[in-house]
Structure formats: structure tokens, C-alpha cells
>>> print(open('data.cif').read())   # mmCIF, C-alpha atoms
data_entry
#
loop_
_atom_site.group_PDB
_atom_site.id
_atom_site.type_symbol
_atom_site.label_atom_id
_atom_site.label_comp_id
_atom_site.auth_asym_id
_atom_site.auth_seq_id
_atom_site.Cartn_x
_atom_site.Cartn_y
_atom_site.Cartn_z
ATOM 1 C CA MET A 1 112.142 108.889 -7.589
ATOM 2 C CA PHE A 2 114.669 108.726 -10.409
ATOM 3 C CA ASN A 3 116.037 105.395 -9.148
ATOM 4 C CA PHE A 4 112.691 103.611 -9.036
ATOM 5 C CA ALA A 5 109.807 105.354 -10.795
ATOM 6 C CA TRP A 6 111.423 107.024 -13.795
ATOM 7 C CA PRO A 7 110.293 104.469 -16.410
ATOM 8 C CA ARG A 8 106.727 104.838 -15.142
ATOM 9 C CA LEU A 9 107.047 108.627 -15.085
ATOM 10 C CA ARG A 10 108.136 108.578 -18.728
ATOM 11 C CA GLN A 11 105.113 106.401 -19.596
ATOM 12 C CA GLU A 12 102.777 108.768 -17.765
ATOM 13 C CA MET A 13 104.262 111.714 -19.678
ATOM 14 C CA ILE A 14 103.530 109.848 -22.920
ATOM 15 C CA ASN A 15 99.984 109.268 -21.669
ATOM 16 C CA ILE A 16 99.538 112.951 -20.804
ATOM 17 C CA LEU A 17 100.816 114.030 -24.216
ATOM 18 C CA ASN A 18 98.527 111.497 -25.892
ATOM 19 C CA ILE A 19 95.500 112.872 -24.030
ATOM 20 C CA TYR A 20 96.166 116.162 -25.804
ATOM 21 C CA PRO A 21 97.153 115.273 -29.388
ATOM 22 C CA SER A 22 97.348 118.930 -30.344
ATOM 23 C CA VAL A 23 97.997 121.870 -28.032
ATOM 24 C CA LYS A 24 99.165 125.433 -28.550
ATOM 25 C CA GLY A 25 102.242 124.889 -26.406
ATOM 26 C CA ILE A 26 103.957 122.582 -23.945
ATOM 27 C CA GLN A 27 106.355 123.280 -21.112
ATOM 28 C CA VAL A 28 108.203 120.940 -18.732
ATOM 29 C CA MET A 29 109.651 122.156 -15.441
ATOM 30 C CA ASN A 30 110.803 120.587 -12.220
ATOM 31 C CA ASP A 31 109.246 121.320 -8.842
ATOM 32 C CA MET A 32 111.599 124.276 -8.394
ATOM 33 C CA GLY A 33 110.473 125.953 -11.622
ATOM 34 C CA GLY A 34 113.615 124.916 -13.514
ATOM 35 C CA TYR A 35 113.103 124.280 -17.206
ATOM 36 C CA MET A 36 113.822 120.992 -18.940
ATOM 37 C CA PHE A 37 114.992 122.944 -21.996
ATOM 38 C CA SER A 38 116.694 126.238 -21.155
ATOM 39 C CA THR A 39 116.246 127.426 -24.751
ATOM 40 C CA TYR A 40 112.506 127.540 -24.043
ATOM 41 C CA ARG A 41 112.808 129.360 -20.723
ATOM 42 C CA ASP A 42 109.691 131.499 -20.127
ATOM 43 C CA LYS A 43 108.099 130.501 -23.433
ATOM 44 C CA TRP A 44 106.103 127.634 -24.813
ATOM 45 C CA ILE A 45 107.757 124.679 -26.490
ATOM 46 C CA PRO A 46 106.117 124.296 -29.915
ATOM 47 C CA ASP A 47 103.870 121.265 -30.123
ATOM 48 C CA THR A 48 105.440 119.117 -32.810
ATOM 49 C CA PRO A 49 106.099 115.371 -32.992
ATOM 50 C CA ALA A 50 109.847 116.089 -32.804
ATOM 51 C CA ARG A 51 109.490 118.245 -29.663
ATOM 52 C CA ARG A 52 107.270 115.642 -27.986
ATOM 53 C CA LYS A 53 109.893 112.983 -28.745
ATOM 54 C CA ALA A 54 112.637 115.266 -27.412
ATOM 55 C CA ILE A 55 110.714 115.656 -24.135
ATOM 56 C CA ILE A 56 110.334 111.905 -23.673
ATOM 57 C CA ASP A 57 113.940 111.249 -24.705
ATOM 58 C CA ARG A 58 115.275 113.904 -22.325
ATOM 59 C CA LEU A 59 113.338 112.384 -19.442
ATOM 60 C CA ALA A 60 115.610 109.345 -19.665
ATOM 61 C CA SER A 61 118.508 111.330 -18.210
ATOM 62 C CA TRP A 62 117.035 114.547 -16.756
ATOM 63 C CA THR A 63 117.854 114.682 -13.038
ATOM 64 C CA PRO A 64 117.215 118.221 -11.784
ATOM 65 C CA PHE A 65 117.467 119.142 -8.113
ATOM 66 C CA SER A 66 114.237 118.695 -6.183
ATOM 67 C CA ASN A 67 113.270 119.981 -2.754
ATOM 68 C CA SER A 68 110.221 117.660 -2.794
ATOM 69 C CA SER A 69 107.761 120.536 -2.709
ATOM 70 C CA PRO A 70 105.841 121.659 -5.797
ATOM 71 C CA VAL A 71 105.062 125.183 -4.660
ATOM 72 C CA GLU A 72 107.885 127.038 -6.464
ATOM 73 C CA GLY A 73 107.259 125.269 -9.753
ATOM 74 C CA VAL A 74 103.490 125.731 -9.603
ATOM 75 C CA GLN A 75 103.830 129.408 -8.717
ATOM 76 C CA HIS A 76 106.319 130.024 -11.516
ATOM 77 C CA ALA A 77 104.196 128.166 -14.077
ATOM 78 C CA ILE A 78 101.080 130.172 -13.220
ATOM 79 C CA ARG A 79 102.876 133.519 -13.146
ATOM 80 C CA ARG A 80 104.679 132.933 -16.411
ATOM 81 C CA PHE A 81 102.176 131.013 -18.514
ATOM 82 C CA TYR A 82 98.673 132.040 -17.452
ATOM 83 C CA ALA A 83 96.876 134.040 -20.124
ATOM 84 C CA PRO A 84 93.182 134.985 -20.007
ATOM 85 C CA ASP A 85 92.643 133.771 -23.567
ATOM 86 C CA ARG A 86 94.017 130.258 -22.925
ATOM 87 C CA LYS A 87 92.931 127.189 -21.029
ATOM 88 C CA ILE A 88 95.993 125.876 -19.211
ATOM 89 C CA SER A 89 96.454 122.657 -17.285
ATOM 90 C CA LEU A 90 99.390 121.913 -15.011
ATOM 91 C CA TYR A 91 100.429 118.381 -14.181
ATOM 92 C CA VAL A 92 102.378 117.768 -10.983
ATOM 93 C CA LEU A 93 104.064 114.361 -10.805
ATOM 94 C CA GLY A 94 105.954 113.097 -7.782
ATOM 95 C CA ASP A 95 106.348 110.733 -4.875
ATOM 96 C CA ASP A 96 106.966 112.637 -1.655
ATOM 97 C CA PHE A 97 106.517 115.960 0.124
ATOM 98 C CA THR A 98 109.101 117.102 2.647
ATOM 99 C CA GLY A 99 107.813 120.635 3.183
ATOM 100 C CA GLN A 100 106.796 122.005 6.552
ATOM 101 C CA SER A 101 103.074 122.421 5.945
ATOM 102 C CA ILE A 102 100.500 121.102 3.501
ATOM 103 C CA ALA A 103 98.229 124.027 4.408
ATOM 104 C CA GLU A 104 100.957 126.543 3.545
ATOM 105 C CA VAL A 105 101.352 125.040 0.076
ATOM 106 C CA LEU A 106 97.611 125.006 -0.534
ATOM 107 C CA ASN A 107 97.239 128.595 0.671
ATOM 108 C CA SER A 108 100.209 129.751 -1.398
ATOM 109 C CA VAL A 109 98.828 128.193 -4.572
ATOM 110 C CA GLU A 110 95.339 129.505 -3.812
ATOM 111 C CA LYS A 111 96.671 133.070 -3.625
ATOM 112 C CA ILE A 112 98.260 132.916 -7.048
ATOM 113 C CA ASN A 113 95.660 130.695 -8.734
ATOM 114 C CA ARG A 114 92.801 132.908 -7.628
ATOM 115 C CA GLU A 115 89.553 132.856 -9.478
ATOM 116 C CA GLY A 116 89.374 135.003 -12.562
ATOM 117 C CA ARG A 117 86.413 136.944 -13.889
ATOM 118 C CA SER A 118 84.743 133.724 -15.005
ATOM 119 C CA GLY A 119 84.721 132.317 -11.479
ATOM 120 C CA GLN A 120 87.257 129.633 -12.419
ATOM 121 C CA GLN A 121 90.839 129.295 -11.236
ATOM 122 C CA LEU A 122 93.448 130.662 -13.633
ATOM 123 C CA VAL A 123 94.797 127.164 -14.356
ATOM 124 C CA ARG A 124 93.630 123.639 -13.683
ATOM 125 C CA ILE A 125 96.043 121.483 -11.673
ATOM 126 C CA HIS A 126 96.162 117.708 -12.111
ATOM 127 C CA THR A 127 98.418 115.534 -9.971
ATOM 128 C CA ILE A 128 99.921 112.058 -10.232
ATOM 129 C CA GLY A 129 101.474 110.234 -7.290
ATOM 130 C CA PHE A 130 103.982 107.419 -7.695
ATOM 131 C CA PRO A 131 104.019 104.772 -4.921
ATOM 132 C CA VAL A 132 107.819 104.647 -4.687
ATOM 133 C CA HIS A 133 108.117 104.868 -0.916
ATOM 134 C CA PHE A 134 105.443 102.252 -0.356
ATOM 135 C CA MET A 135 107.210 99.723 -2.571
ATOM 136 C CA VAL A 136 110.893 99.956 -1.698
ATOM 137 C CA LYS A 137 112.616 98.790 1.449
ATOM 138 C CA GLY A 138 113.242 101.737 3.722
ATOM 139 C CA GLY A 139 110.803 103.992 1.878
ATOM 140 C CA ASN A 140 109.677 107.085 3.738
ATOM 141 C CA LEU A 141 105.999 106.367 4.261
ATOM 142 C CA GLU A 142 105.392 109.653 6.073
ATOM 143 C CA THR A 143 106.569 111.878 3.202
ATOM 144 C CA ALA A 144 104.771 109.670 0.677
ATOM 145 C CA SER A 145 101.509 109.873 2.611
ATOM 146 C CA ARG A 146 101.887 113.645 2.972
ATOM 147 C CA PHE A 147 102.486 113.928 -0.769
ATOM 148 C CA ALA A 148 99.306 111.983 -1.530
ATOM 149 C CA ALA A 149 97.296 114.148 0.874
ATOM 150 C CA LEU A 150 98.733 117.348 -0.605
ATOM 151 C CA MET A 151 98.178 116.275 -4.212
ATOM 152 C CA ARG A 152 94.616 115.177 -3.526
ATOM 153 C CA ASP A 153 93.730 118.559 -2.025
ATOM 154 C CA LEU A 154 95.771 120.536 -4.553
ATOM 155 C CA SER A 155 93.971 118.963 -7.495
ATOM 156 C CA TYR A 156 90.551 119.135 -5.814
ATOM 157 C CA ARG A 157 90.890 122.840 -4.979
ATOM 158 C CA ASN A 158 92.190 123.674 -8.456
ATOM 159 C CA GLY A 159 89.693 121.895 -10.685
ATOM 160 C CA GLY A 160 91.929 118.939 -11.441
ATOM 161 C CA THR A 161 92.198 115.234 -10.798
ATOM 162 C CA PHE A 162 94.544 113.287 -8.527
ATOM 163 C CA VAL A 163 95.694 109.867 -9.678
ATOM 164 C CA GLY A 164 97.543 107.727 -7.158
ATOM 165 C CA LEU A 165 99.272 104.957 -9.053
ATOM 166 C CA ASN A 166 99.375 101.497 -7.532
ATOM 167 C CA GLY A 167 102.478 100.199 -9.276
ATOM 168 C CA LEU A 168 105.725 101.273 -10.900
ATOM 169 C CA LYS A 169 105.640 99.129 -14.022
ATOM 170 C CA PRO A 170 104.409 100.975 -17.103
ATOM 171 C CA GLU A 171 101.140 99.506 -18.267
#
>>> encode(input="data.cif", output="C-alpha cells")
Amino acid sequence: MFNFAWPRLRQEMINILNIYPSVKGIQVMNDMGGYMFSTYRDKWIPDTPARRKAIIDRLASWTPFSNSSPVEGVQHAIRRFYAPDRKISLYVLGDDFTGQSIAEVLNSVEKINREGRSGQQLVRIHTIGFPVHFMVKGGNLETASRFAALMRDLSYRNGGTFVGLNGLKPE
């Protein structure tokens, strides 16, 4: 994804941050639950213009390891950041899924993001899919299609929205 979709990913991060002009905290992790900024490990990044800029700037060169499965990152985010007095949204951005089973991921997330006393899931999960493998020669259409299917169901089951992008150029 870094070789093809990163400029679009950075634009989508700007869009996400702009949707929420003021929040109590921000956190950015990879699909493995690794933090973008280790100094903010297990705590919220303060929402300031400087921190938002630092996030976007860091995305230009941040290349963490990815196993192309969001389950570890989603589980870690829910376990660490859910609080009953906060409304929390997770955003999962990616382009392929190489895991063994879509159902296993959905079931795993469902166990940890169980409904609270209010009848709602603990966090809302939104997902964005980048069409990298559909647009580059030799792209892995199977893993891209599996990612889209997983993200659609993951967002649907967790009160979120799935957006499948149709291009890589930032709009």
C-alpha cells in the first residue's frame, strides 16, 4: 500500500481529522497495534493543531510492519481505549486481507466489542478500502476482494460505515 496509495491515505487521514475538528484525544496505530508515536503508547495524543500536523507529516515516512489483518490492532485499541464515559470511533484503512478467515476476524472483534449496558457496541468501527490491487499490474485481486468483504461486514456489525474508494488520486 505504501508504494501506491500512501498519498491518498494521507488525504483520507486529513479528511477524518477534519470531520472531527475537536476531540478529546487521537491515537494512530497500525494493524498490529503498534503506535505511530511511542511516546503516546497506551494514552491519547492531545488534540492540538500541532499534533494533527505531526500525524500527517509522520504518515509521509511511517512504514510499520503489517500482516494485512486488522484484528490485533482493533483488539488492542478497544481494550486500551474504551471507556464507558466516551464515544469512541475506530477507523481501519487498508487494501488487502491475507488472514485465514473473515469469519474468525468478525467473531474475534465481536467478542471484544460486545454490547454494553446501553445496547450499543463499545466502539464504532468505520473502514476505508483503497483499490490498490485493482489498479496496479499484478495486483492481488483475491486479497483485495477479501479485504472489501471483511471491511464491509466489520463496519456494518460495529455501527460504522465502509467506504470503498474508486481511485488513488487525492480529491
>>> resolve_selection(input="data.cif", expression="the PyMOL selection byres ((chain A and resi 31) around 9)", output="PyMOL selection string")
chain A and resi 29-30+32-34+65-74+92-94
>>> resolve_selection(input="data.cif", expression="the PyMOL selection byres ((chain A and resi 111) around 12)", output="ChimeraX atom specification")
/A:71,74-75,78-79,104-110,112-116,121-122,157-158
>>> resolve_selection(input="data.cif", expression="the PyMOL selection byres ((chain A and resi 47-60) around 7)", output="list of chain:residue names")
A:Arg10, A:Ser22, A:Val23, A:Lys24, A:Gly25, A:Ile26, A:Ile45, A:Pro46, A:Ser61, A:Trp62
>>> atom_distance(input="data.cif", atom1="CA of Pro7 in chain A", atom2="CA of Phe81 in chain A")
27.8 Å
>>> closest_residue(input="data.cif", among="A:Ala103, A:Ser89, A:Thr127, A:Gly164", to="Ser145 in chain A", atoms="all atoms listed in the file")
A:Gly164
>>> closest_residue(input="data.cif", among="A:Arg124, A:Lys43, A:Lys137, A:Arg146", to="Ile102 in chain A", atoms="only C-alpha atoms")
A:Arg146
>>> closest_residue(input="data.cif", among="A:Ala149, A:Phe130, A:Asp96, A:Arg41", to="Arg80 in chain A", atoms="all atoms listed in the file")
A:Arg41
>>> axis_aligned_box(input="data.cif", around="range 113-129 of chain A", padding_each_side="8 Å", output="lines of an AutoDock Vina configuration file")
center_x = 93.1
center_y = 123.6
center_z = -11.1
size_x = 32.8
size_y = 42.7
size_z = 23.7
>>> closest_residue(input="data.cif", among="A:Phe162, A:Met36, A:Asp85, A:Thr143", to="Ser118 in chain A", atoms="only C-alpha atoms")
A:Asp85
>>> atom_distance(input="data.cif", atom1="CA of Arg8 in chain A", atom2="CA of Tyr156 in chain A")
23.5 Å
>>> residues_around(input="data.cif", residues="Glu142 in chain A", least_positions_apart="4", cutoff="12 Å", atoms="all atoms listed in the file", output="ChimeraX atom specification")
/A:95-99,133-134,138,146-149
>>> atom_distance(input="data.cif", atom1="CA of Trp44 in chain A", atom2="CA of Gly119 in chain A")
25.6 Å
>>> closest_residue(input="data.cif", among="A:Lys87, A:His126, A:Arg152, A:Lys169", to="Trp6 in chain A", atoms="only C-alpha atoms")
A:Lys169
>>> decode(input="data.cif", residues="range 28-170 of chain A", atoms="C-alpha atoms", output="JSON list (two decimals), in the first residue's frame")
[["chain", "number", "residue", "atom", "x", "y", "z"],
["A", 28, "VAL", "CA", -2.84, 6.24, 15.42],
["A", 29, "MET", "CA", -1.81, 2.59, 15.29],
["A", 30, "ASN", "CA", -1.00, 0.08, 12.61],
["A", 31, "ASP", "CA", -2.95, -3.13, 12.08],
["A", 32, "MET", "CA", -0.72, -4.91, 14.60],
["A", 33, "GLY", "CA", -1.50, -2.43, 17.38],
["A", 34, "GLY", "CA", 1.86, -0.66, 17.04],
["A", 35, "TYR", "CA", 1.79, 3.04, 17.83],
["A", 36, "MET", "CA", 2.76, 5.78, 15.40],
["A", 37, "PHE", "CA", 4.24, 7.74, 18.31],
["A", 38, "SER", "CA", 5.77, 5.55, 21.02],
["A", 39, "THR", "CA", 5.72, 8.47, 23.46],
["A", 40, "TYR", "CA", 1.92, 8.20, 23.40],
["A", 41, "ARG", "CA", 1.81, 4.43, 23.86],
["A", 42, "ASP", "CA", -1.39, 3.44, 25.70],
["A", 43, "LYS", "CA", -2.58, 7.04, 26.04],
["A", 44, "TRP", "CA", -4.35, 9.60, 23.95],
["A", 45, "ILE", "CA", -2.46, 12.06, 21.78],
["A", 46, "PRO", "CA", -3.69, 15.54, 22.74],
["A", 47, "ASP", "CA", -5.84, 17.11, 20.06],
["A", 48, "THR", "CA", -3.94, 20.21, 19.02],
["A", 49, "PRO", "CA", -3.19, 21.69, 15.59],
["A", 50, "ALA", "CA", 0.50, 20.83, 16.09],
["A", 51, "ARG", "CA", -0.26, 17.17, 16.94],
["A", 52, "ARG", "CA", -2.61, 16.84, 13.96],
["A", 53, "LYS", "CA", 0.13, 18.23, 11.70],
["A", 54, "ALA", "CA", 2.66, 15.85, 13.25],
["A", 55, "ILE", "CA", 0.37, 12.90, 12.45],
["A", 56, "ILE", "CA", 0.00, 13.91, 8.81],
["A", 57, "ASP", "CA", 3.71, 14.69, 8.49],
["A", 58, "ARG", "CA", 4.72, 11.36, 10.04],
["A", 59, "LEU", "CA", 2.49, 9.49, 7.61],
["A", 60, "ALA", "CA", 4.83, 10.57, 4.81],
["A", 61, "SER", "CA", 7.50, 8.16, 6.04],
["A", 62, "TRP", "CA", 5.81, 5.79, 8.52],
["A", 63, "THR", "CA", 6.20, 2.22, 7.25],
["A", 64, "PRO", "CA", 5.36, -0.17, 10.09],
["A", 65, "PHE", "CA", 5.17, -3.93, 9.57],
["A", 66, "SER", "CA", 1.74, -5.17, 8.53],
["A", 67, "ASN", "CA", 0.37, -8.70, 8.48],
["A", 68, "SER", "CA", -2.62, -7.46, 6.42],
["A", 69, "SER", "CA", -5.12, -8.32, 9.12],
["A", 70, "PRO", "CA", -6.69, -5.68, 11.36],
["A", 71, "VAL", "CA", -7.66, -7.94, 14.23],
["A", 72, "GLU", "CA", -4.68, -7.29, 16.54],
["A", 73, "GLY", "CA", -4.89, -3.53, 16.14],
["A", 74, "VAL", "CA", -8.66, -3.41, 16.61],
["A", 75, "GLN", "CA", -8.49, -5.63, 19.69],
["A", 76, "HIS", "CA", -5.71, -3.56, 21.23],
["A", 77, "ALA", "CA", -7.49, -0.27, 20.51],
["A", 78, "ILE", "CA", -10.72, -1.46, 22.14],
["A", 79, "ARG", "CA", -9.00, -2.97, 25.17],
["A", 80, "ARG", "CA", -6.82, 0.05, 25.79],
["A", 81, "PHE", "CA", -9.03, 2.99, 24.85],
["A", 82, "TYR", "CA", -12.66, 2.02, 25.50],
["A", 83, "ALA", "CA", -14.17, 3.95, 28.40],
["A", 84, "PRO", "CA", -17.87, 3.91, 29.33],
["A", 85, "ASP", "CA", -17.97, 7.70, 29.54],
["A", 86, "ARG", "CA", -16.62, 8.26, 26.00],
["A", 87, "LYS", "CA", -17.86, 7.77, 22.48],
["A", 88, "ILE", "CA", -15.00, 6.24, 20.50],
["A", 89, "SER", "CA", -14.71, 5.61, 16.79],
["A", 90, "LEU", "CA", -12.04, 3.45, 15.18],
["A", 91, "TYR", "CA", -11.04, 3.88, 11.56],
["A", 92, "VAL", "CA", -9.47, 0.94, 9.76],
["A", 93, "LEU", "CA", -7.75, 1.85, 6.48],
["A", 94, "GLY", "CA", -6.20, -0.68, 4.14],
["A", 95, "ASP", "CA", -6.10, -2.53, 0.86],
["A", 96, "ASP", "CA", -5.89, -6.27, 1.42],
["A", 97, "PHE", "CA", -6.60, -9.09, 3.85],
["A", 98, "THR", "CA", -4.34, -12.14, 3.91],
["A", 99, "GLY", "CA", -5.75, -13.80, 7.02],
["A", 100, "GLN", "CA", -7.17, -17.29, 7.07],
["A", 101, "SER", "CA", -10.81, -16.47, 7.78],
["A", 102, "ILE", "CA", -13.06, -13.43, 7.53],
["A", 103, "ALA", "CA", -15.47, -15.10, 9.97],
["A", 104, "GLU", "CA", -12.70, -15.54, 12.56],
["A", 105, "VAL", "CA", -11.89, -11.84, 12.44],
["A", 106, "LEU", "CA", -15.53, -10.84, 12.73],
["A", 107, "ASN", "CA", -16.10, -13.24, 15.62],
["A", 108, "SER", "CA", -12.94, -12.09, 17.39],
["A", 109, "VAL", "CA", -13.91, -8.43, 17.15],
["A", 110, "GLU", "CA", -17.49, -9.23, 18.18],
["A", 111, "LYS", "CA", -16.25, -10.87, 21.39],
["A", 112, "ILE", "CA", -14.28, -7.84, 22.47],
["A", 113, "ASN", "CA", -16.63, -5.17, 21.10],
["A", 114, "ARG", "CA", -19.63, -6.68, 22.82],
["A", 115, "GLU", "CA", -22.64, -4.59, 23.54],
["A", 116, "GLY", "CA", -22.51, -2.53, 26.69],
["A", 117, "ARG", "CA", -25.33, -1.69, 29.06],
["A", 118, "SER", "CA", -26.80, 0.73, 26.53],
["A", 119, "GLY", "CA", -27.20, -2.00, 23.91],
["A", 120, "GLN", "CA", -24.53, -0.42, 21.70],
["A", 121, "GLN", "CA", -21.10, -1.80, 20.86],
["A", 122, "LEU", "CA", -18.26, -0.39, 22.95],
["A", 123, "VAL", "CA", -16.77, 1.42, 19.93],
["A", 124, "ARG", "CA", -17.95, 2.24, 16.44],
["A", 125, "ILE", "CA", -15.74, 0.92, 13.63],
["A", 126, "HIS", "CA", -15.51, 2.71, 10.28],
["A", 127, "THR", "CA", -13.47, 1.29, 7.41],
["A", 128, "ILE", "CA", -11.89, 2.65, 4.24],
["A", 129, "GLY", "CA", -10.65, 0.44, 1.42],
["A", 130, "PHE", "CA", -8.07, 1.57, -1.11],
["A", 131, "PRO", "CA", -8.30, -0.01, -4.60],
["A", 132, "VAL", "CA", -4.55, -0.61, -4.90],
["A", 133, "HIS", "CA", -4.69, -4.20, -6.10],
["A", 134, "PHE", "CA", -7.37, -3.44, -8.67],
["A", 135, "MET", "CA", -5.31, -0.66, -10.24],
["A", 136, "VAL", "CA", -1.76, -1.97, -10.44],
["A", 137, "LYS", "CA", -0.39, -4.63, -12.74],
["A", 138, "GLY", "CA", -0.08, -7.89, -10.86],
["A", 139, "GLY", "CA", -2.33, -6.75, -8.02],
["A", 140, "ASN", "CA", -3.72, -9.49, -5.81],
["A", 141, "LEU", "CA", -7.42, -9.29, -6.57],
["A", 142, "GLU", "CA", -8.29, -12.11, -4.18],
["A", 143, "THR", "CA", -6.83, -10.42, -1.08],
["A", 144, "ALA", "CA", -8.29, -7.07, -2.15],
["A", 145, "SER", "CA", -11.75, -8.56, -2.59],
["A", 146, "ARG", "CA", -11.49, -10.33, 0.77],
["A", 147, "PHE", "CA", -10.47, -7.06, 2.40],
["A", 148, "ALA", "CA", -13.50, -5.28, 0.96],
["A", 149, "ALA", "CA", -15.81, -8.07, 2.14],
["A", 150, "LEU", "CA", -14.27, -8.05, 5.62],
["A", 151, "MET", "CA", -14.39, -4.27, 5.97],
["A", 152, "ARG", "CA", -17.99, -4.09, 4.79],
["A", 153, "ASP", "CA", -19.10, -6.63, 7.40],
["A", 154, "LEU", "CA", -16.82, -5.26, 10.12],
["A", 155, "SER", "CA", -18.24, -1.76, 9.80],
["A", 156, "TYR", "CA", -21.83, -2.99, 9.42],
["A", 157, "ARG", "CA", -21.66, -5.17, 12.54],
["A", 158, "ASN", "CA", -19.98, -2.43, 14.57],
["A", 159, "GLY", "CA", -22.17, 0.57, 13.81],
["A", 160, "GLY", "CA", -19.81, 2.11, 11.29],
["A", 161, "THR", "CA", -19.55, 2.87, 7.60],
["A", 162, "PHE", "CA", -17.45, 1.23, 4.89],
["A", 163, "VAL", "CA", -16.11, 3.43, 2.11],
["A", 164, "GLY", "CA", -14.53, 1.69, -0.85],
["A", 165, "LEU", "CA", -12.54, 4.27, -2.77],
["A", 166, "ASN", "CA", -12.55, 4.14, -6.55],
["A", 167, "GLY", "CA", -9.25, 5.88, -7.19],
["A", 168, "LEU", "CA", -5.86, 6.61, -5.68],
["A", 169, "LYS", "CA", -5.54, 10.29, -6.51],
["A", 170, "PRO", "CA", -6.44, 12.58, -3.62]]
